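J.: You'll find model-v6.cif just under this line, and it carries mmCIF, C-alpha atoms.
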```cif
data_target
#
loop_
_atom_site.label_atom_id
_atom_site.label_comp_id
_atom_site.auth_asym_id
_atom_site.auth_seq_id
_atom_site.Cartn_x
_atom_site.Cartn_y
_atom_site.Cartn_z
CA GLN V 1 0.97 16.77 -11.66
CA ASP V 2 0.98 14.80 -14.93
CA ASP V 3 2.96 11.91 -13.45
CA PRO V 4 1.08 8.68 -14.32
CA PHE V 5 1.35 7.46 -10.73
CA LEU V 6 -0.60 10.48 -9.48
CA GLN V 7 -3.64 9.84 -11.66
CA GLU V 8 -5.35 7.82 -8.91
CA SER V 9 -6.75 9.25 -5.70
CA LYS V 10 -5.25 6.55 -3.47
CA ASN V 11 -1.78 7.20 -4.90
CA CYS V 12 -2.12 10.94 -4.25
CA LYS V 13 -3.04 10.14 -0.64
CA GLU V 14 0.03 7.91 -0.31
CA CYS V 15 2.15 10.70 -1.77
CA LEU V 16 0.75 13.28 0.67
CA ASP V 17 1.45 10.96 3.61
CA PHE V 18 4.99 10.42 2.37
CA ILE V 19 5.65 14.15 1.88
CA GLU V 20 4.38 14.78 5.42
CA LEU V 21 6.84 12.19 6.70
CA VAL V 22 9.74 13.82 4.88
CA MET V 23 8.68 17.32 5.97
CA TYR V 24 8.50 16.21 9.60
CA HIS V 25 12.04 14.86 9.56
CA ALA V 26 13.49 17.61 7.37
CA THR V 27 12.61 20.26 9.96
CA LYS V 28 14.97 18.49 12.36
CA SER V 29 17.86 18.32 9.92
CA ILE V 30 20.55 20.89 9.24
CA SER V 31 21.52 22.17 5.80
CA THR V 32 19.27 19.80 3.86
CA SER V 33 17.21 22.34 1.89
CA LYS V 34 19.21 21.85 -1.33
CA MET V 35 19.11 18.05 -1.19
CA ARG V 36 16.78 16.17 -3.50
CA ILE V 37 14.08 14.09 -1.83
CA ASN V 38 15.40 10.76 -3.11
CA THR V 39 18.91 11.52 -1.85
CA TYR V 40 17.60 12.78 1.49
CA CYS V 41 15.46 9.68 2.04
CA GLN V 42 18.36 7.42 1.17
CA ASP V 43 20.79 9.22 3.46
CA TYR V 44 18.31 9.38 6.36
CA SER V 45 16.68 5.97 5.76
CA LEU V 46 13.17 7.38 5.38
CA SER V 47 11.90 5.05 2.69
CA ASP V 48 11.04 2.48 5.36
CA ASN V 49 11.52 -0.26 2.75
CA ARG V 50 7.87 0.19 1.69
CA HIS V 51 7.19 -0.59 -1.95
CA ILE V 52 5.03 2.51 -2.34
CA HIS V 53 7.90 4.69 -1.13
CA SER V 54 10.22 3.18 -3.73
CA ILE V 55 7.69 3.96 -6.45
CA LEU V 56 7.30 7.53 -5.25
CA LEU V 57 11.05 8.15 -5.12
CA LYS V 58 11.42 6.87 -8.69
CA CYS V 59 8.93 9.46 -9.94
CA ASP V 60 10.97 12.40 -11.23
CA SER V 61 8.20 14.81 -10.24
CA ILE V 62 8.70 13.70 -6.62
CA GLY V 63 12.12 12.18 -6.05
CA GLU V 64 14.01 14.89 -7.95
CA ILE V 65 12.36 17.76 -6.04
CA ARG V 66 14.54 19.61 -3.52
CA ILE V 67 13.69 19.60 0.18
CA SER V 68 13.20 23.37 0.01
CA GLN V 69 10.28 22.77 -2.39
CA LEU V 70 8.39 20.28 -0.22
CA THR V 71 5.63 22.70 0.74
CA SER V 72 5.00 23.61 -2.88
CA LEU V 73 5.01 19.93 -3.87
CA TYR V 74 2.53 19.08 -1.13
CA GLN V 75 0.21 21.84 -2.33
CA LEU V 76 0.36 20.62 -5.94
CA VAL V 77 -0.43 17.02 -5.01
CA GLU V 78 -3.19 18.06 -2.62
CA ASN V 79 -4.74 20.20 -5.36
CA LYS V 80 -4.76 17.19 -7.67
CA ALA V 81 -6.25 14.93 -5.00
CA ALA V 82 -8.95 17.50 -4.25
CA ASP V 83 -9.80 17.89 -7.94
CA MET V 84 -10.50 14.17 -8.13
CA ILE V 85 -13.24 14.15 -5.49
CA ILE V 86 -14.59 17.63 -4.88
CA ASN V 87 -17.23 17.60 -7.62
CA ILE V 88 -18.96 14.52 -6.21
CA LEU V 89 -19.01 15.63 -2.56
CA PRO V 90 -22.65 16.83 -2.59
CA THR V 91 -23.70 13.33 -3.66
CA VAL V 92 -21.87 11.54 -0.83
CA LEU V 93 -21.99 14.03 2.06
CA PRO V 94 -24.98 14.76 4.30
CA GLN V 95 -27.03 17.63 2.87
CA THR V 96 -26.33 19.70 5.99
CA TYR V 97 -22.62 19.77 5.05
CA CYS V 98 -23.27 21.58 1.75
CA LEU V 99 -26.00 24.16 2.21
CA PRO V 100 -26.62 26.95 -0.35
CA LEU V 101 -25.15 30.40 0.22
CA PRO V 102 -27.33 32.90 2.07
CA PRO V 103 -28.94 35.40 -0.36
CA SER V 104 -27.06 38.26 1.29
CA ILE V 105 -23.65 36.91 0.30
CA VAL V 106 -22.03 38.68 -2.65
CA VAL V 107 -19.14 36.52 -3.82
CA ASP V 108 -17.74 39.27 -6.03
CA ASP V 109 -17.32 41.50 -2.97
CA ILE V 110 -15.28 38.79 -1.24
CA CYS V 111 -13.03 38.41 -4.28
CA MET V 112 -12.59 42.17 -4.65
CA GLU V 113 -11.59 42.58 -1.03
CA LEU V 114 -9.05 39.74 -1.19
CA GLY V 115 -7.69 41.09 -4.47
CA GLN V 116 -7.33 44.67 -3.22
CA SER V 117 -5.29 43.51 -0.24
CA LYS V 118 -2.77 41.75 -2.51
CA ILE V 119 -2.23 44.06 -5.50
CA SER V 120 -2.24 47.76 -6.23
CA LYS V 121 -5.54 49.54 -5.75
CA MET V 122 -4.83 51.22 -9.09
CA ALA V 123 -5.30 47.92 -10.93
CA ALA V 124 -8.41 47.39 -13.06
CA ASP V 125 -11.40 45.87 -11.30
CA ALA V 126 -11.22 42.74 -13.46
CA THR V 127 -7.60 42.18 -12.42
CA VAL V 128 -8.39 42.76 -8.76
CA MET V 129 -11.35 40.37 -8.97
CA LYS V 130 -9.29 37.63 -10.62
CA THR V 131 -6.51 38.03 -8.07
CA GLY V 132 -8.93 37.58 -5.18
CA LEU V 133 -10.62 34.66 -6.90
CA LEU V 134 -7.35 32.81 -7.49
CA ARG V 135 -6.29 33.59 -3.95
CA LEU V 136 -9.33 31.97 -2.33
CA GLU V 137 -10.56 29.21 -4.65
CA PRO V 138 -7.62 26.76 -4.47
CA ALA V 139 -7.15 27.30 -0.74
CA LEU V 140 -10.84 26.75 -0.02
CA LYS V 141 -10.82 23.65 -2.22
CA ARG V 142 -7.94 22.16 -0.25
CA PHE V 143 -9.66 23.04 3.02
CA ILE V 144 -12.85 21.26 1.91
CA PHE V 145 -10.79 18.25 0.83
CA ARG V 146 -9.31 18.06 4.32
CA GLU V 147 -12.39 18.78 6.39
CA LEU V 148 -15.57 17.71 4.58
CA LYS V 149 -15.03 13.98 4.32
CA GLU V 150 -17.65 11.30 3.90
CA SER V 151 -16.25 9.56 6.97
CA ALA V 152 -16.23 12.73 9.11
CA ALA V 153 -18.97 13.18 11.70
CA ILE V 154 -19.25 16.95 11.99
CA GLU V 155 -21.45 18.25 14.77
CA LYS V 156 -24.07 20.90 14.06
CA VAL V 157 -22.32 23.41 16.30
CA THR V 158 -19.21 23.08 14.12
CA LEU V 159 -21.16 23.35 10.88
CA ASP V 160 -22.73 26.56 12.22
CA CYS V 161 -19.35 28.02 13.16
CA PRO V 162 -18.47 31.15 11.14
CA LEU V 163 -16.33 30.22 8.16
CA TYR V 164 -13.85 33.00 8.73
CA TYR V 165 -12.80 31.35 12.02
CA PHE V 166 -11.43 28.48 9.95
CA LEU V 167 -9.74 30.84 7.50
CA LEU V 168 -8.00 32.53 10.42
CA ARG V 169 -6.44 29.31 11.64
CA PRO V 170 -2.70 28.86 10.96
CA SER V 171 -3.54 25.48 9.44
CA PHE V 172 -5.84 26.91 6.76
CA PRO V 173 -4.15 25.97 3.44
CA TRP V 174 -3.58 29.35 1.84
CA ASN V 175 -1.18 29.24 -1.10
CA PHE V 176 2.26 28.59 0.34
CA ASP V 177 3.60 32.00 -0.70
CA ASP V 178 0.53 33.99 0.40
CA ASN V 179 1.15 36.29 3.36
CA ILE V 180 -2.50 37.09 3.95
CA SER V 181 -3.23 38.86 7.23
CA ASP V 182 -6.04 38.34 9.72
CA ASP V 183 -7.29 41.83 8.89
CA ASN V 184 -7.53 40.90 5.19
CA ILE V 185 -9.56 37.82 6.03
CA GLU V 186 -11.90 39.58 8.44
CA ALA V 187 -12.51 42.37 5.92
CA ALA V 188 -13.35 39.91 3.13
CA ILE V 189 -15.36 37.16 4.80
CA PRO V 190 -18.72 38.09 6.42
CA CYS V 191 -18.49 37.00 10.04
CA ASN V 192 -22.16 36.32 10.81
CA GLU V 193 -23.57 35.04 7.52
CA LEU V 194 -21.09 32.47 6.21
CA SER V 195 -20.63 29.23 8.15
CA LEU V 196 -18.68 26.03 7.59
CA LYS V 197 -21.83 24.51 6.08
CA HIS V 198 -21.62 27.13 3.30
CA ALA V 199 -17.98 26.41 2.41
CA TYR V 200 -18.82 24.09 -0.47
CA ALA V 201 -21.38 26.47 -1.97
CA LEU V 202 -18.86 29.29 -1.78
CA TRP V 203 -16.22 27.18 -3.50
CA GLU V 204 -18.74 26.19 -6.17
CA GLU V 205 -19.44 29.86 -6.93
CA LEU V 206 -15.70 30.57 -7.16
CA ASP V 207 -15.15 27.57 -9.41
CA CYS V 208 -18.05 28.70 -11.60
CA ARG V 209 -16.31 32.01 -12.15
CA ILE V 210 -13.10 30.23 -13.19
CA ASN V 211 -14.65 27.60 -15.46
CA GLY V 212 -17.62 29.60 -16.71
CA LYS V 213 -20.06 26.89 -15.68
CA ARG V 214 -21.16 24.94 -12.67
CA THR V 215 -19.32 21.70 -12.11
CA VAL V 216 -22.07 20.14 -9.97
CA SER V 217 -25.68 19.72 -10.95
CA ARG V 218 -28.11 20.87 -8.30
CA GLU V 219 -31.69 19.69 -8.12
#
```
Write the structure described by the file as structure tokens, please.
T.:
Amino acid sequence: QDDPFLQESKNCKECLDFIELVMYHATKSISTSKMRINTYCQDYSLSDNRHIHSILLKCDSIGEIRISQLTSLYQLVENKAADMIINILPTVLPQTYCLPLPPSIVVDDICMELGQSKISKMAADATVMKTGLLRLEPALKRFIFRELKESAAIEKVTLDCPLYYFLLRPSFPWNFDDNISDDNIEAAIPCNELSLKHAYALWEELDCRINGKRTVSRE
């Protein structure tokens, strides 16, 4: 994540597009999991002679990664891209995209439920809470990065859709090694009170618990 090339949002986007291209082709190949990305792209002519691809393949943090680690690499780059823009979203998105949490929502309860379904119930409450927090916060951040875009025209009916519907989708970006079940999600996320329009406010509360302060100033 500290690669100089990945310090700009547009470069992260180019990297994500490139990783998606490699992932698409790699699923069709046999016995390529141990190959490094730069070798794979050279052997299968995936660089497309684009200058940006050449730059990416020369980055050790990208080109030297094995094909078997593509999903993890994608998650790391997407996290970095999301970090670059997520704090300013309330200033560029319509207000209806980022509504405050309903008073009935207890974020700690959500974290506890997600934590209890991953580690031993004998663990201390603080450990369970942190486990649930670190399970949801990065995944929700990546989801917001994908879905709540300034250019996206989201209809009211979608904004009012229960948030847990989105968390249940196979495409929801849980951590790549997280085998969370539908039952875990339904037990943790209130089905009638949290909607897509509350996703940002929920992430903000999670982030506040990690950083000890709010990252976005609210009027």
J.: Quick check, in Å to one decimal: how far apart do atom CA of V:Phe145 and atom CA of V:Leu159 lie?
T.: 15.3 Å
J.: Within 12 Å of stretch 171-183 of chain V, which residues of stretch 41-74 of chain V show up? Give each one with its shortest atom-to-atom distance in Å (one decimal) and the two atoms involved, counting only C-alpha atoms, rows by chain then rising residue number, as CSV.
T.:
```
residue,atom,partner,partner_atom,distance
V:Gln69,CA,V:Phe176,CA,10.3
V:Leu70,CA,V:Phe176,CA,10.3
V:Thr71,CA,V:Phe176,CA,6.8
V:Ser72,CA,V:Phe176,CA,6.5
V:Leu73,CA,V:Phe176,CA,10.0
V:Tyr74,CA,V:Phe176,CA,9.6
```
J.: Go ahead and compute the interatomic distance for atom CA of V:Ile144 and atom CA of V:Tyr24, in Å to one decimal.
T.: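 Value for the atom CA of V:Ile144-atom CA of V:Tyr24 distance: 23.2 Å.
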J.: If we count all atoms listed in the file, what is near V:Leu136 at a cut-off of 8 Å, once residues fewer than 4 positions away on the same chain are taken out, given as an MDAnalysis selection string?
T.: chainID V and resid 111 114 132 140 174
J.: Filtering to C-alpha atoms, could you give me those residues as an mmCIF file, in the frame of the given file?
T.:
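To be explicit, this is the file written out as out.cif:
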```cif
data_model
loop_
_atom_site.group_PDB
_atom_site.id
_atom_site.type_symbol
_atom_site.label_atom_id
_atom_site.label_comp_id
_atom_site.auth_asym_id
_atom_site.auth_seq_id
_atom_site.Cartn_x
_atom_site.Cartn_y
_atom_site.Cartn_z
ATOM 1 C CA CYS V 111 -13.030 38.410 -4.280
ATOM 2 C CA LEU V 114 -9.050 39.740 -1.190
ATOM 3 C CA GLY V 132 -8.930 37.580 -5.180
ATOM 4 C CA LEU V 140 -10.840 26.750 -0.020
ATOM 5 C CA TRP V 174 -3.580 29.350 1.840
#
```
J.: Excluding same-chain residues fewer than 4 positions from stretch 154-157 of chain V, what lies within 9 Å of it counting all atoms listed in the file, as a PDB file with C-alpha atoms, in the coordinates of the input?
T.:
```pdb
ATOM      1  CA  THR V  96     -26.330  19.700   5.990  1.00  0.00           C
ATOM      2  CA  TYR V  97     -22.620  19.770   5.050  1.00  0.00           C
ATOM      3  CA  LEU V 148     -15.570  17.710   4.580  1.00  0.00           C
ATOM      4  CA  CYS V 161     -19.350  28.020  13.160  1.00  0.00           C
TER       5      CYS V 161
END
```
J.: Find, counting all atoms listed in the file, the residue in V:Lys197, V:Leu134, V:Pro100, V:Ile105 that gets nearest to V:Glu147.
T.: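 Smallest separation from V:Glu147 among the options: V:Lys197.
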J.: When distances are computed from all atoms listed in the file, which of V:Gln116, V:Ser104, V:Gln75, V:Thr158 shows the smallest separation from V:Pro190?
T.: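 Closest to V:Pro190 of all the choices is V:Ser104.
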J.: By how many Å are atom CA of V:Tyr40 and atom CA of V:Val77 apart?
T.: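 Going from atom CA of V:Tyr40 over to atom CA of V:Val77, I get 19.6 Å.
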J.: Show which residues sit within 9 Å of V:Phe18, as a JSON list (two decimals) with C-alpha atoms, keeping the file's coordinate frame. Count only C-alpha atoms, and ignore same-chain residues fewer than 3 positions away.
T.:
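Contents of the output file selection_15.json:
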```
[["chain", "number", "residue", "atom", "x", "y", "z"],
["V", 13, "LYS", "CA", -3.04, 10.14, -0.64],
["V", 14, "GLU", "CA", 0.03, 7.91, -0.31],
["V", 15, "CYS", "CA", 2.15, 10.70, -1.77],
["V", 21, "LEU", "CA", 6.84, 12.19, 6.70],
["V", 22, "VAL", "CA", 9.74, 13.82, 4.88],
["V", 23, "MET", "CA", 8.68, 17.32, 5.97],
["V", 47, "SER", "CA", 11.90, 5.05, 2.69],
["V", 53, "HIS", "CA", 7.90, 4.69, -1.13],
["V", 56, "LEU", "CA", 7.30, 7.53, -5.25]]
```
J.: Would you pick out the contacts of V:Asp125 at 10 Å or less, using all atoms listed in the file, so that residues sharing its chain but fewer than 5 positions from it are not included, and give the list as a CSV table (one decimal) with C-alpha atoms, in the coordinates of the input?
T.:
```csv
chain,number,residue,atom,x,y,z
V,112,MET,CA,-12.6,42.2,-4.6
V,115,GLY,CA,-7.7,41.1,-4.5
V,116,GLN,CA,-7.3,44.7,-3.2
V,130,LYS,CA,-9.3,37.6,-10.6
V,131,THR,CA,-6.5,38.0,-8.1
```
J.: Which residue gives the smallest distance to V:Leu196 among V:Cys98, V:Asp83, V:Lys141, V:His51, with only C-alpha atoms counted?
T.: V:Cys98
J.: Using only C-alpha atoms, which of the listed residues (V:Val92, V:His25, V:Lys118, V:Leu163) sits closest to V:Ala199?
T.: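 The shortest atom-to-atom distance to V:Ala199 comes from V:Leu163.
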J.: Measuring atom to atom with only C-alpha atoms, identify which of V:Ile67, V:Ala201, V:Leu93, V:Val128 is nearest to V:Ser33.
T.: V:Ile67
J.: For this file, the PyMOL selection byres ((chain V and resi 192) around 10) selects which residues, as a list in words?
T.: Asp160, Cys161, Pro162, Leu163, Tyr164, Ile189, Pro190, Cys191, Glu193, Leu194 and Ser195 of chain V
